[in-house]
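K.L.:
Following this line is protein16.tsv, made up of TSV, N, CA, C and O atoms:
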chain	number	residue	atom	x	y	z
A	1	MET	N	-14.12	4.05	-20.96
A	1	MET	CA	-12.78	3.50	-20.98
A	1	MET	C	-12.85	1.99	-20.71
A	1	MET	O	-13.80	1.50	-20.11
A	2	ASN	N	-11.84	1.29	-21.10
A	2	ASN	CA	-11.78	-0.16	-20.91
A	2	ASN	C	-11.72	-0.50	-19.41
A	2	ASN	O	-10.97	0.09	-18.65
A	3	THR	N	-12.52	-1.48	-19.00
A	3	THR	CA	-12.62	-1.86	-17.59
A	3	THR	C	-11.28	-2.35	-17.06
A	3	THR	O	-10.86	-1.97	-15.95
A	4	LYS	N	-10.60	-3.20	-17.81
A	4	LYS	CA	-9.31	-3.73	-17.35
A	4	LYS	C	-8.28	-2.62	-17.18
A	4	LYS	O	-7.48	-2.65	-16.24
A	5	LYS	N	-8.31	-1.65	-18.07
A	5	LYS	CA	-7.37	-0.53	-17.98
A	5	LYS	C	-7.66	0.30	-16.74
A	5	LYS	O	-6.74	0.73	-16.04
A	6	GLU	N	-8.94	0.51	-16.43
A	6	GLU	CA	-9.32	1.28	-15.24
A	6	GLU	C	-8.88	0.56	-13.96
A	6	GLU	O	-8.38	1.18	-13.03
A	7	ILE	N	-9.06	-0.76	-13.92
A	7	ILE	CA	-8.65	-1.54	-12.75
A	7	ILE	C	-7.13	-1.50	-12.62
A	7	ILE	O	-6.60	-1.36	-11.51
A	8	LEU	N	-6.41	-1.58	-13.73
A	8	LEU	CA	-4.95	-1.51	-13.71
A	8	LEU	C	-4.48	-0.15	-13.20
A	8	LEU	O	-3.53	-0.08	-12.40
A	9	ILE	N	-5.15	0.91	-13.62
A	9	ILE	CA	-4.80	2.24	-13.12
A	9	ILE	C	-5.00	2.30	-11.61
A	9	ILE	O	-4.15	2.82	-10.87
A	10	GLY	N	-6.11	1.76	-11.12
A	10	GLY	CA	-6.36	1.73	-9.68
A	10	GLY	C	-5.33	0.91	-8.94
A	10	GLY	O	-4.90	1.27	-7.84
A	11	LEU	N	-4.91	-0.21	-9.53
A	11	LEU	CA	-3.89	-1.06	-8.91
A	11	LEU	C	-2.57	-0.30	-8.78
A	11	LEU	O	-1.93	-0.33	-7.72
A	12	VAL	N	-2.18	0.38	-9.84
A	12	VAL	CA	-0.93	1.16	-9.81
A	12	VAL	C	-1.03	2.29	-8.79
A	12	VAL	O	-0.09	2.52	-8.01
A	13	VAL	N	-2.17	2.97	-8.75
A	13	VAL	CA	-2.36	4.04	-7.77
A	13	VAL	C	-2.29	3.48	-6.36
A	13	VAL	O	-1.67	4.08	-5.46
A	14	GLY	N	-2.87	2.31	-6.13
A	14	GLY	CA	-2.83	1.69	-4.81
A	14	GLY	C	-1.42	1.32	-4.39
A	14	GLY	O	-1.04	1.52	-3.23
A	15	ILE	N	-0.64	0.78	-5.31
A	15	ILE	CA	0.75	0.42	-5.00
A	15	ILE	C	1.58	1.67	-4.71
A	15	ILE	O	2.36	1.71	-3.76
A	16	ILE	N	1.38	2.71	-5.52
A	16	ILE	CA	2.10	3.96	-5.30
A	16	ILE	C	1.69	4.59	-3.97
A	16	ILE	O	2.54	5.08	-3.21
A	17	ALA	N	0.40	4.58	-3.67
A	17	ALA	CA	-0.08	5.15	-2.40
A	17	ALA	C	0.50	4.40	-1.22
A	17	ALA	O	0.90	5.00	-0.21
A	18	ASN	N	0.57	3.08	-1.32
A	18	ASN	CA	1.13	2.28	-0.24
A	18	ASN	C	2.62	2.58	-0.07
A	18	ASN	O	3.11	2.71	1.05
A	19	THR	N	3.34	2.70	-1.16
A	19	THR	CA	4.76	3.01	-1.11
A	19	THR	C	5.00	4.39	-0.48
A	19	THR	O	5.84	4.54	0.40
A	20	ILE	N	4.23	5.37	-0.93
A	20	ILE	CA	4.37	6.71	-0.37
A	20	ILE	C	3.99	6.72	1.11
A	20	ILE	O	4.66	7.36	1.92
A	21	GLY	N	2.95	6.00	1.47
A	21	GLY	CA	2.53	5.94	2.86
A	21	GLY	C	3.60	5.31	3.75
A	21	GLY	O	3.87	5.80	4.85
A	22	THR	N	4.22	4.25	3.26
A	22	THR	CA	5.29	3.60	4.03
A	22	THR	C	6.48	4.54	4.19
A	22	THR	O	7.03	4.67	5.29
A	23	LEU	N	6.86	5.19	3.10
A	23	LEU	CA	7.99	6.12	3.17
A	23	LEU	C	7.69	7.32	4.08
A	23	LEU	O	8.55	7.75	4.85
A	24	LEU	N	6.48	7.84	4.01
A	24	LEU	CA	6.10	8.94	4.89
A	24	LEU	C	6.13	8.52	6.35
A	24	LEU	O	6.60	9.27	7.21
A	25	TYR	N	5.64	7.32	6.62
A	25	TYR	CA	5.66	6.83	8.00
A	25	TYR	C	7.10	6.74	8.51
A	25	TYR	O	7.40	7.16	9.63
A	26	ILE	N	7.99	6.20	7.67
A	26	ILE	CA	9.39	6.08	8.07
A	26	ILE	C	10.01	7.45	8.28
A	26	ILE	O	10.71	7.69	9.28
A	27	LEU	N	9.76	8.38	7.37
A	27	LEU	CA	10.36	9.71	7.48
A	27	LEU	C	9.84	10.49	8.69
A	27	LEU	O	10.59	11.22	9.33
A	28	ILE	N	8.57	10.31	9.02
A	28	ILE	CA	7.99	11.07	10.13
A	28	ILE	C	8.34	10.47	11.48
A	28	ILE	O	8.69	11.18	12.42
A	29	PHE	N	8.25	9.15	11.59
A	29	PHE	CA	8.34	8.52	12.91
A	29	PHE	C	9.66	7.82	13.21
A	29	PHE	O	9.84	7.33	14.32
A	30	SER	N	10.57	7.76	12.27
A	30	SER	CA	11.83	7.07	12.51
A	30	SER	C	12.99	8.06	12.56
A	30	SER	O	13.05	9.00	11.76
A	31	ASP	N	13.89	7.82	13.47
A	31	ASP	CA	15.08	8.66	13.56
A	31	ASP	C	16.17	8.19	12.61
A	31	ASP	O	17.14	8.91	12.38
A	32	LEU	N	16.01	7.01	12.05
A	32	LEU	CA	17.00	6.43	11.15
A	32	LEU	C	16.67	6.79	9.71
A	32	LEU	O	15.57	7.27	9.40
A	33	SER	N	17.60	6.49	8.80
A	33	SER	CA	17.33	6.70	7.38
A	33	SER	C	16.37	5.61	6.89
A	33	SER	O	16.07	4.66	7.62
A	34	ILE	N	15.92	5.75	5.66
A	34	ILE	CA	14.96	4.79	5.12
A	34	ILE	C	15.58	3.40	5.05
A	34	ILE	O	14.95	2.41	5.47
A	35	SER	N	16.79	3.29	4.54
A	35	SER	CA	17.42	1.97	4.41
A	35	SER	C	17.73	1.37	5.78
A	35	SER	O	17.56	0.16	5.98
A	36	GLU	N	18.17	2.20	6.72
A	36	GLU	CA	18.45	1.68	8.06
A	36	GLU	C	17.18	1.24	8.76
A	36	GLU	O	17.17	0.23	9.47
A	37	THR	N	16.09	1.97	8.56
A	37	THR	CA	14.81	1.59	9.14
A	37	THR	C	14.34	0.27	8.56
A	37	THR	O	13.83	-0.60	9.28
A	38	TYR	N	14.50	0.11	7.24
A	38	TYR	CA	14.09	-1.15	6.61
A	38	TYR	C	14.93	-2.32	7.14
A	38	TYR	O	14.38	-3.38	7.45
A	39	LYS	N	16.24	-2.12	7.27
A	39	LYS	CA	17.10	-3.18	7.80
A	39	LYS	C	16.72	-3.52	9.23
A	39	LYS	O	16.68	-4.70	9.61
A	40	ALA	N	16.40	-2.51	10.04
A	40	ALA	CA	15.97	-2.76	11.42
A	40	ALA	C	14.64	-3.48	11.44
A	40	ALA	O	14.42	-4.38	12.27
A	41	ALA	N	13.73	-3.13	10.54
A	41	ALA	CA	12.42	-3.79	10.48
A	41	ALA	C	12.57	-5.25	10.08
A	41	ALA	O	11.87	-6.13	10.62
A	42	VAL	N	13.48	-5.54	9.16
A	42	VAL	CA	13.73	-6.93	8.77
A	42	VAL	C	14.33	-7.70	9.94
A	42	VAL	O	13.92	-8.83	10.23
A	43	ALA	N	15.28	-7.09	10.63
A	43	ALA	CA	15.94	-7.76	11.76
A	43	ALA	C	14.95	-8.03	12.89
A	43	ALA	O	15.03	-9.07	13.55
A	44	GLN	N	14.02	-7.13	13.11
A	44	GLN	CA	13.06	-7.28	14.19
A	44	GLN	C	11.74	-7.89	13.73
A	44	GLN	O	10.79	-7.97	14.50
A	45	GLU	N	11.67	-8.27	12.46
A	45	GLU	CA	10.48	-8.89	11.86
A	45	GLU	C	9.25	-7.97	11.94
A	45	GLU	O	8.16	-8.39	12.30
A	46	HIS	N	9.45	-6.69	11.59
A	46	HIS	CA	8.36	-5.72	11.59
A	46	HIS	C	8.05	-5.16	10.20
A	46	HIS	O	7.41	-4.11	10.09
A	47	VAL	N	8.48	-5.85	9.15
A	47	VAL	CA	8.24	-5.35	7.79
A	47	VAL	C	6.74	-5.33	7.49
A	47	VAL	O	6.23	-4.38	6.89
A	48	GLY	N	6.04	-6.34	7.94
A	48	GLY	CA	4.60	-6.38	7.73
A	48	GLY	C	3.89	-5.21	8.38
A	48	GLY	O	2.95	-4.63	7.82
A	49	SER	N	4.35	-4.83	9.55
A	49	SER	CA	3.76	-3.68	10.24
A	49	SER	C	4.01	-2.38	9.47
A	49	SER	O	3.13	-1.53	9.39
A	50	LEU	N	5.20	-2.24	8.94
A	50	LEU	CA	5.50	-1.05	8.12
A	50	LEU	C	4.58	-0.98	6.91
A	50	LEU	O	4.03	0.08	6.59
A	51	LEU	N	4.40	-2.11	6.23
A	51	LEU	CA	3.53	-2.14	5.05
A	51	LEU	C	2.08	-1.85	5.43
A	51	LEU	O	1.37	-1.16	4.70
A	52	ALA	N	1.64	-2.39	6.55
A	52	ALA	CA	0.26	-2.17	6.98
A	52	ALA	C	0.02	-0.69	7.29
A	52	ALA	O	-1.03	-0.14	6.94
A	53	LEU	N	0.97	-0.05	7.94
A	53	LEU	CA	0.81	1.37	8.24
A	53	LEU	C	0.87	2.21	6.97
A	53	LEU	O	0.20	3.24	6.86
A	54	GLY	N	1.65	1.77	5.99
A	54	GLY	CA	1.70	2.49	4.72
A	54	GLY	C	0.43	2.36	3.92
A	54	GLY	O	0.09	3.22	3.10
A	55	ALA	N	-0.32	1.28	4.16
A	55	ALA	CA	-1.55	1.04	3.40
A	55	ALA	C	-2.69	1.98	3.79
A	55	ALA	O	-3.73	1.99	3.14
A	56	VAL	N	-2.48	2.78	4.81
A	56	VAL	CA	-3.52	3.72	5.23
A	56	VAL	C	-3.84	4.71	4.11
A	56	VAL	O	-5.01	5.11	3.94
A	57	LEU	N	-2.86	5.08	3.32
A	57	LEU	CA	-3.11	6.00	2.20
A	57	LEU	C	-4.02	5.38	1.14
A	57	LEU	O	-4.65	6.10	0.37
A	58	ASN	N	-4.09	4.05	1.10
A	58	ASN	CA	-5.00	3.40	0.16
A	58	ASN	C	-6.45	3.75	0.47
A	58	ASN	O	-7.29	3.76	-0.43
A	59	LEU	N	-6.74	4.00	1.73
A	59	LEU	CA	-8.11	4.42	2.09
A	59	LEU	C	-8.48	5.72	1.39
A	59	LEU	O	-9.60	5.86	0.87
A	60	ILE	N	-7.55	6.65	1.37
A	60	ILE	CA	-7.82	7.93	0.72
A	60	ILE	C	-8.05	7.74	-0.77
A	60	ILE	O	-8.99	8.29	-1.34
A	61	ALA	N	-7.19	6.94	-1.40
A	61	ALA	CA	-7.34	6.69	-2.84
A	61	ALA	C	-8.65	5.95	-3.12
A	61	ALA	O	-9.38	6.30	-4.06
A	62	PHE	N	-8.96	4.95	-2.31
A	62	PHE	CA	-10.18	4.15	-2.52
A	62	PHE	C	-11.42	5.03	-2.44
A	62	PHE	O	-12.26	5.03	-3.35
A	63	PHE	N	-11.56	5.75	-1.34
A	63	PHE	CA	-12.76	6.56	-1.17
A	63	PHE	C	-12.78	7.76	-2.12
A	63	PHE	O	-13.84	8.23	-2.51
A	64	GLY	N	-11.60	8.24	-2.51
A	64	GLY	CA	-11.54	9.30	-3.51
A	64	GLY	C	-12.09	8.84	-4.85
A	64	GLY	O	-12.86	9.55	-5.50
A	65	PHE	N	-11.71	7.63	-5.25
A	65	PHE	CA	-12.23	7.10	-6.52
A	65	PHE	C	-13.73	6.82	-6.43
A	65	PHE	O	-14.46	7.03	-7.40
A	66	LEU	N	-14.19	6.35	-5.29
A	66	LEU	CA	-15.63	6.14	-5.14
A	66	LEU	C	-16.39	7.46	-5.20
A	66	LEU	O	-17.48	7.53	-5.77
A	67	ARG	N	-15.81	8.50	-4.62
A	67	ARG	CA	-16.47	9.80	-4.60
A	67	ARG	C	-16.64	10.38	-5.99
A	67	ARG	O	-17.66	11.02	-6.28
A	68	ILE	N	-15.65	10.16	-6.86
A	68	ILE	CA	-15.75	10.70	-8.23
A	68	ILE	C	-16.33	9.68	-9.20
A	68	ILE	O	-16.23	9.84	-10.41
A	69	LYS	N	-16.92	8.63	-8.65
A	69	LYS	CA	-17.63	7.60	-9.43
A	69	LYS	C	-16.71	6.85	-10.40
A	69	LYS	O	-17.07	6.57	-11.53
A	70	ARG	N	-15.52	6.52	-9.93
A	70	ARG	CA	-14.57	5.67	-10.68
A	70	ARG	C	-14.48	4.33	-9.96
A	70	ARG	O	-13.47	4.00	-9.35
A	71	ASP	N	-15.56	3.56	-10.04
A	71	ASP	CA	-15.65	2.31	-9.28
A	71	ASP	C	-14.60	1.29	-9.68
A	71	ASP	O	-14.07	0.57	-8.83
A	72	ASN	N	-14.29	1.19	-10.96
A	72	ASN	CA	-13.28	0.21	-11.39
A	72	ASN	C	-11.88	0.58	-10.90
A	72	ASN	O	-11.09	-0.30	-10.57
A	73	ARG	N	-11.59	1.86	-10.81
A	73	ARG	CA	-10.30	2.26	-10.24
A	73	ARG	C	-10.27	1.95	-8.74
A	73	ARG	O	-9.24	1.55	-8.21
A	74	ALA	N	-11.39	2.12	-8.07
A	74	ALA	CA	-11.48	1.76	-6.65
A	74	ALA	C	-11.27	0.25	-6.47
A	74	ALA	O	-10.63	-0.18	-5.51
A	75	LYS	N	-11.77	-0.54	-7.41
A	75	LYS	CA	-11.52	-1.99	-7.37
A	75	LYS	C	-10.02	-2.28	-7.49
A	75	LYS	O	-9.50	-3.18	-6.84
A	76	GLY	N	-9.33	-1.53	-8.33
A	76	GLY	CA	-7.88	-1.71	-8.47
A	76	GLY	C	-7.14	-1.38	-7.19
A	76	GLY	O	-6.21	-2.08	-6.80
A	77	VAL	N	-7.57	-0.32	-6.51
A	77	VAL	CA	-6.96	0.03	-5.22
A	77	VAL	C	-7.24	-1.07	-4.21
A	77	VAL	O	-6.36	-1.45	-3.42
A	78	LEU	N	-8.43	-1.62	-4.25
A	78	LEU	CA	-8.77	-2.73	-3.35
A	78	LEU	C	-7.88	-3.94	-3.65
A	78	LEU	O	-7.40	-4.61	-2.72
A	79	LEU	N	-7.63	-4.22	-4.92
A	79	LEU	CA	-6.72	-5.31	-5.29
A	79	LEU	C	-5.31	-5.06	-4.77
A	79	LEU	O	-4.64	-5.98	-4.29
A	80	ALA	N	-4.85	-3.82	-4.84
A	80	ALA	CA	-3.53	-3.47	-4.32
A	80	ALA	C	-3.48	-3.69	-2.81
A	80	ALA	O	-2.48	-4.17	-2.28
A	81	THR	N	-4.56	-3.37	-2.13
A	81	THR	CA	-4.62	-3.56	-0.69
A	81	THR	C	-4.62	-5.05	-0.34
A	81	THR	O	-3.95	-5.48	0.61
A	82	ILE	N	-5.33	-5.84	-1.13
A	82	ILE	CA	-5.34	-7.30	-0.92
A	82	ILE	C	-3.96	-7.88	-1.20
A	82	ILE	O	-3.48	-8.75	-0.46
A	83	LEU	N	-3.30	-7.39	-2.23
A	83	LEU	CA	-1.93	-7.82	-2.53
A	83	LEU	C	-1.00	-7.49	-1.37
A	83	LEU	O	-0.18	-8.31	-0.96
A	84	THR	N	-1.15	-6.31	-0.81
A	84	THR	CA	-0.36	-5.92	0.36
A	84	THR	C	-0.64	-6.84	1.54
A	84	THR	O	0.27	-7.23	2.27
A	85	ALA	N	-1.91	-7.21	1.71
A	85	ALA	CA	-2.27	-8.12	2.80
A	85	ALA	C	-1.59	-9.48	2.63
A	85	ALA	O	-1.11	-10.07	3.61
A	86	PHE	N	-1.50	-9.97	1.41
A	86	PHE	CA	-0.81	-11.25	1.17
A	86	PHE	C	0.69	-11.12	1.42
A	86	PHE	O	1.32	-12.05	1.93
A	87	ILE	N	1.27	-9.98	1.08
A	87	ILE	CA	2.69	-9.76	1.35
A	87	ILE	C	2.92	-9.70	2.86
A	87	ILE	O	3.88	-10.29	3.37
A	88	ILE	N	2.04	-9.03	3.58
A	88	ILE	CA	2.14	-8.98	5.04
A	88	ILE	C	2.00	-10.37	5.63
A	88	ILE	O	2.76	-10.76	6.53
A	89	LEU	N	1.07	-11.15	5.12
A	89	LEU	CA	0.88	-12.53	5.58
A	89	LEU	C	2.14	-13.35	5.34
A	89	LEU	O	2.57	-14.12	6.20
A	90	TYR	N	2.77	-13.17	4.18
A	90	TYR	CA	4.02	-13.87	3.89
A	90	TYR	C	5.09	-13.54	4.92
A	90	TYR	O	5.77	-14.41	5.43
A	91	TYR	N	5.24	-12.23	5.22
A	91	TYR	CA	6.24	-11.82	6.20
A	91	TYR	C	5.93	-12.33	7.60
A	91	TYR	O	6.83	-12.61	8.38
A	92	LYS	N	4.66	-12.44	7.93
A	92	LYS	CA	4.29	-12.91	9.27
A	92	LYS	C	4.49	-14.42	9.41
A	92	LYS	O	4.85	-14.89	10.49
A	93	VAL	N	4.24	-15.17	8.35
A	93	VAL	CA	4.32	-16.63	8.41
A	93	VAL	C	5.74	-17.13	8.20
A	93	VAL	O	6.21	-18.03	8.89
A	94	PHE	N	6.46	-16.55	7.24
A	94	PHE	CA	7.79	-17.06	6.89
A	94	PHE	C	8.84	-16.18	7.41
A	94	PHE	O	9.33	-15.39	7.62
For this file, write the structure as structure tokens.
P.N.:
Amino acid sequence: MNTKKEILIGLVVGIIANTIGTLLYILIFSDLSISETYKAAVAQEHVGSLLALGAVLNLIAFFGFLRIKRDNRAKGVLLATILTAFIILYYKVF
């Protein structure tokens, strides 16, 4: 398969895994709804922390792709994690 396509698939999987991880964290550990939790996180400047905790699912996707020898997809998940890190950095600085 095309290398760029494999990396793009990994990037999409990484973004989806991060989104699902963030939503799961909110649903499990927050007493508020998803939108109320997000508003509270913005007000208290904890959006970066929410994203970082959601990125834990990227570990599963990354090592899963490595296990089945899909290295380029694992690179895409790594890119998604790096993108998340830059978003967290943005929220922490600005």
K.L.:
Find the residues near stretch 14-18 of chain A: any atom within 12 Å, counting only C-alpha atoms, skip ones fewer than 5 places away on the same chain, and give them as an NGL selection string.
P.N.:
:A and (7-9 or 23-25 or 50-65 or 73-85)
K.L.:
Any chance you could export the current selection's N, CA, C and O atoms as a short mmCIF file (atom, residue, chain, number, x, y, z; two decimals), keeping the file's coordinate frame?
P.N.:
data_model
loop_
_atom_site.label_atom_id
_atom_site.label_comp_id
_atom_site.auth_asym_id
_atom_site.auth_seq_id
_atom_site.Cartn_x
_atom_site.Cartn_y
_atom_site.Cartn_z
N ILE A 7 -9.06 -0.76 -13.92
CA ILE A 7 -8.65 -1.54 -12.75
C ILE A 7 -7.13 -1.50 -12.62
O ILE A 7 -6.60 -1.36 -11.51
N LEU A 8 -6.41 -1.58 -13.73
CA LEU A 8 -4.95 -1.51 -13.71
C LEU A 8 -4.48 -0.15 -13.20
O LEU A 8 -3.53 -0.08 -12.40
N ILE A 9 -5.15 0.91 -13.62
CA ILE A 9 -4.80 2.24 -13.12
C ILE A 9 -5.00 2.30 -11.61
O ILE A 9 -4.15 2.82 -10.87
N LEU A 23 6.86 5.19 3.10
CA LEU A 23 7.99 6.12 3.17
C LEU A 23 7.69 7.32 4.08
O LEU A 23 8.55 7.75 4.85
N LEU A 24 6.48 7.84 4.01
CA LEU A 24 6.10 8.94 4.89
C LEU A 24 6.13 8.52 6.35
O LEU A 24 6.60 9.27 7.21
N TYR A 25 5.64 7.32 6.62
CA TYR A 25 5.66 6.83 8.00
C TYR A 25 7.10 6.74 8.51
O TYR A 25 7.40 7.16 9.63
N LEU A 50 5.20 -2.24 8.94
CA LEU A 50 5.50 -1.05 8.12
C LEU A 50 4.58 -0.98 6.91
O LEU A 50 4.03 0.08 6.59
N LEU A 51 4.40 -2.11 6.23
CA LEU A 51 3.53 -2.14 5.05
C LEU A 51 2.08 -1.85 5.43
O LEU A 51 1.37 -1.16 4.70
N ALA A 52 1.64 -2.39 6.55
CA ALA A 52 0.26 -2.17 6.98
C ALA A 52 0.02 -0.69 7.29
O ALA A 52 -1.03 -0.14 6.94
N LEU A 53 0.97 -0.05 7.94
CA LEU A 53 0.81 1.37 8.24
C LEU A 53 0.87 2.21 6.97
O LEU A 53 0.20 3.24 6.86
N GLY A 54 1.65 1.77 5.99
CA GLY A 54 1.70 2.49 4.72
C GLY A 54 0.43 2.36 3.92
O GLY A 54 0.09 3.22 3.10
N ALA A 55 -0.32 1.28 4.16
CA ALA A 55 -1.55 1.04 3.40
C ALA A 55 -2.69 1.98 3.79
O ALA A 55 -3.73 1.99 3.14
N VAL A 56 -2.48 2.78 4.81
CA VAL A 56 -3.52 3.72 5.23
C VAL A 56 -3.84 4.71 4.11
O VAL A 56 -5.01 5.11 3.94
N LEU A 57 -2.86 5.08 3.32
CA LEU A 57 -3.11 6.00 2.20
C LEU A 57 -4.02 5.38 1.14
O LEU A 57 -4.65 6.10 0.37
N ASN A 58 -4.09 4.05 1.10
CA ASN A 58 -5.00 3.40 0.16
C ASN A 58 -6.45 3.75 0.47
O ASN A 58 -7.29 3.76 -0.43
N LEU A 59 -6.74 4.00 1.73
CA LEU A 59 -8.11 4.42 2.09
C LEU A 59 -8.48 5.72 1.39
O LEU A 59 -9.60 5.86 0.87
N ILE A 60 -7.55 6.65 1.37
CA ILE A 60 -7.82 7.93 0.72
C ILE A 60 -8.05 7.74 -0.77
O ILE A 60 -8.99 8.29 -1.34
N ALA A 61 -7.19 6.94 -1.40
CA ALA A 61 -7.34 6.69 -2.84
C ALA A 61 -8.65 5.95 -3.12
O ALA A 61 -9.38 6.30 -4.06
N PHE A 62 -8.96 4.95 -2.31
CA PHE A 62 -10.18 4.15 -2.52
C PHE A 62 -11.42 5.03 -2.44
O PHE A 62 -12.26 5.03 -3.35
N PHE A 63 -11.56 5.75 -1.34
CA PHE A 63 -12.76 6.56 -1.17
C PHE A 63 -12.78 7.76 -2.12
O PHE A 63 -13.84 8.23 -2.51
N GLY A 64 -11.60 8.24 -2.51
CA GLY A 64 -11.54 9.30 -3.51
C GLY A 64 -12.09 8.84 -4.85
O GLY A 64 -12.86 9.55 -5.50
N PHE A 65 -11.71 7.63 -5.25
CA PHE A 65 -12.23 7.10 -6.52
C PHE A 65 -13.73 6.82 -6.43
O PHE A 65 -14.46 7.03 -7.40
N ARG A 73 -11.59 1.86 -10.81
CA ARG A 73 -10.30 2.26 -10.24
C ARG A 73 -10.27 1.95 -8.74
O ARG A 73 -9.24 1.55 -8.21
N ALA A 74 -11.39 2.12 -8.07
CA ALA A 74 -11.48 1.76 -6.65
C ALA A 74 -11.27 0.25 -6.47
O ALA A 74 -10.63 -0.18 -5.51
N LYS A 75 -11.77 -0.54 -7.41
CA LYS A 75 -11.52 -1.99 -7.37
C LYS A 75 -10.02 -2.28 -7.49
O LYS A 75 -9.50 -3.18 -6.84
N GLY A 76 -9.33 -1.53 -8.33
CA GLY A 76 -7.88 -1.71 -8.47
C GLY A 76 -7.14 -1.38 -7.19
O GLY A 76 -6.21 -2.08 -6.80
N VAL A 77 -7.57 -0.32 -6.51
CA VAL A 77 -6.96 0.03 -5.22
C VAL A 77 -7.24 -1.07 -4.21
O VAL A 77 -6.36 -1.45 -3.42
N LEU A 78 -8.43 -1.62 -4.25
CA LEU A 78 -8.77 -2.73 -3.35
C LEU A 78 -7.88 -3.94 -3.65
O LEU A 78 -7.40 -4.61 -2.72
N LEU A 79 -7.63 -4.22 -4.92
CA LEU A 79 -6.72 -5.31 -5.29
C LEU A 79 -5.31 -5.06 -4.77
O LEU A 79 -4.64 -5.98 -4.29
N ALA A 80 -4.85 -3.82 -4.84
CA ALA A 80 -3.53 -3.47 -4.32
C ALA A 80 -3.48 -3.69 -2.81
O ALA A 80 -2.48 -4.17 -2.28
N THR A 81 -4.56 -3.37 -2.13
CA THR A 81 -4.62 -3.56 -0.69
C THR A 81 -4.62 -5.05 -0.34
O THR A 81 -3.95 -5.48 0.61
N ILE A 82 -5.33 -5.84 -1.13
CA ILE A 82 -5.34 -7.30 -0.92
C ILE A 82 -3.96 -7.88 -1.20
O ILE A 82 -3.48 -8.75 -0.46
N LEU A 83 -3.30 -7.39 -2.23
CA LEU A 83 -1.93 -7.82 -2.53
C LEU A 83 -1.00 -7.49 -1.37
O LEU A 83 -0.18 -8.31 -0.96
N THR A 84 -1.15 -6.31 -0.81
CA THR A 84 -0.36 -5.92 0.36
C THR A 84 -0.64 -6.84 1.54
O THR A 84 0.27 -7.23 2.27
N ALA A 85 -1.91 -7.21 1.71
CA ALA A 85 -2.27 -8.12 2.80
C ALA A 85 -1.59 -9.48 2.63
O ALA A 85 -1.11 -10.07 3.61
#
K.L.:
Quick one: residues within 8 Å of stretch 39-47 of chain A, only N, CA, C and O atoms, excluding same-chain residues fewer than 6 positions away - as a ChimeraX atom specification?
P.N.:
/A:33,53-54,87-88,91-92,94
K.L.:
For atom N of A:Phe29 and atom CA of A:Ser49, determine how far apart the two atoms are, in Å to one decimal place.
P.N.:
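A separation of 13.7 Å between them.
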K.L.:
Which value, in Å to one decimal, gives the distance between atom CA of A:Val12 and atom CA of A:Tyr90?
P.N.:
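Between these atoms lies a distance of 20.9 Å.
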K.L.:
Work out how far atom CA of A:Arg67 is from atom CA of A:Lys5, in Å to one decimal.
P.N.:
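We find that atom CA of A:Lys5 and atom CA of A:Arg67 lie 19.2 Å from each other.
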K.L.:
Select stretch 26-35 of chain A in the preceding structure and write N, CA, C and O atoms to a file as a PDB file, in the first residue's frame.
P.N.:
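Everything below was put into out_14.pdb:
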ATOM      1  N   ILE A  26     -14.052  11.906  30.334  1.00  0.00           N
ATOM      2  CA  ILE A  26     -15.096  12.808  30.823  1.00  0.00           C
ATOM      3  C   ILE A  26     -16.297  12.016  31.330  1.00  0.00           C
ATOM      4  O   ILE A  26     -16.839  12.298  32.402  1.00  0.00           O
ATOM      5  N   LEU A  27     -16.720  11.007  30.579  1.00  0.00           N
ATOM      6  CA  LEU A  27     -17.898  10.230  30.969  1.00  0.00           C
ATOM      7  C   LEU A  27     -17.670   9.431  32.250  1.00  0.00           C
ATOM      8  O   LEU A  27     -18.574   9.284  33.064  1.00  0.00           O
ATOM      9  N   ILE A  28     -16.462   8.924  32.435  1.00  0.00           N
ATOM     10  CA  ILE A  28     -16.187   8.090  33.606  1.00  0.00           C
ATOM     11  C   ILE A  28     -15.939   8.921  34.852  1.00  0.00           C
ATOM     12  O   ILE A  28     -16.449   8.618  35.927  1.00  0.00           O
ATOM     13  N   PHE A  29     -15.161   9.992  34.722  1.00  0.00           N
ATOM     14  CA  PHE A  29     -14.694  10.697  35.913  1.00  0.00           C
ATOM     15  C   PHE A  29     -15.380  12.028  36.200  1.00  0.00           C
ATOM     16  O   PHE A  29     -15.088  12.646  37.211  1.00  0.00           O
ATOM     17  N   SER A  30     -16.269  12.478  35.336  1.00  0.00           N
ATOM     18  CA  SER A  30     -16.925  13.754  35.566  1.00  0.00           C
ATOM     19  C   SER A  30     -18.399  13.557  35.885  1.00  0.00           C
ATOM     20  O   SER A  30     -19.075  12.727  35.265  1.00  0.00           O
ATOM     21  N   ASP A  31     -18.877  14.339  36.811  1.00  0.00           N
ATOM     22  CA  ASP A  31     -20.299  14.293  37.148  1.00  0.00           C
ATOM     23  C   ASP A  31     -21.130  15.169  36.220  1.00  0.00           C
ATOM     24  O   ASP A  31     -22.353  15.067  36.212  1.00  0.00           O
ATOM     25  N   LEU A  32     -20.471  16.014  35.450  1.00  0.00           N
ATOM     26  CA  LEU A  32     -21.150  16.938  34.550  1.00  0.00           C
ATOM     27  C   LEU A  32     -21.293  16.312  33.171  1.00  0.00           C
ATOM     28  O   LEU A  32     -20.676  15.290  32.862  1.00  0.00           O
ATOM     29  N   SER A  33     -22.068  16.967  32.310  1.00  0.00           N
ATOM     30  CA  SER A  33     -22.181  16.502  30.929  1.00  0.00           C
ATOM     31  C   SER A  33     -20.893  16.845  30.178  1.00  0.00           C
ATOM     32  O   SER A  33     -20.030  17.550  30.696  1.00  0.00           O
ATOM     33  N   ILE A  34     -20.797  16.359  28.961  1.00  0.00           N
ATOM     34  CA  ILE A  34     -19.583  16.583  28.177  1.00  0.00           C
ATOM     35  C   ILE A  34     -19.385  18.073  27.915  1.00  0.00           C
ATOM     36  O   ILE A  34     -18.282  18.601  28.099  1.00  0.00           O
ATOM     37  N   SER A  35     -20.432  18.765  27.499  1.00  0.00           N
ATOM     38  CA  SER A  35     -20.294  20.194  27.198  1.00  0.00           C
ATOM     39  C   SER A  35     -20.012  21.009  28.457  1.00  0.00           C
ATOM     40  O   SER A  35     -19.205  21.943  28.431  1.00  0.00           O
TER      41      SER A  35
END
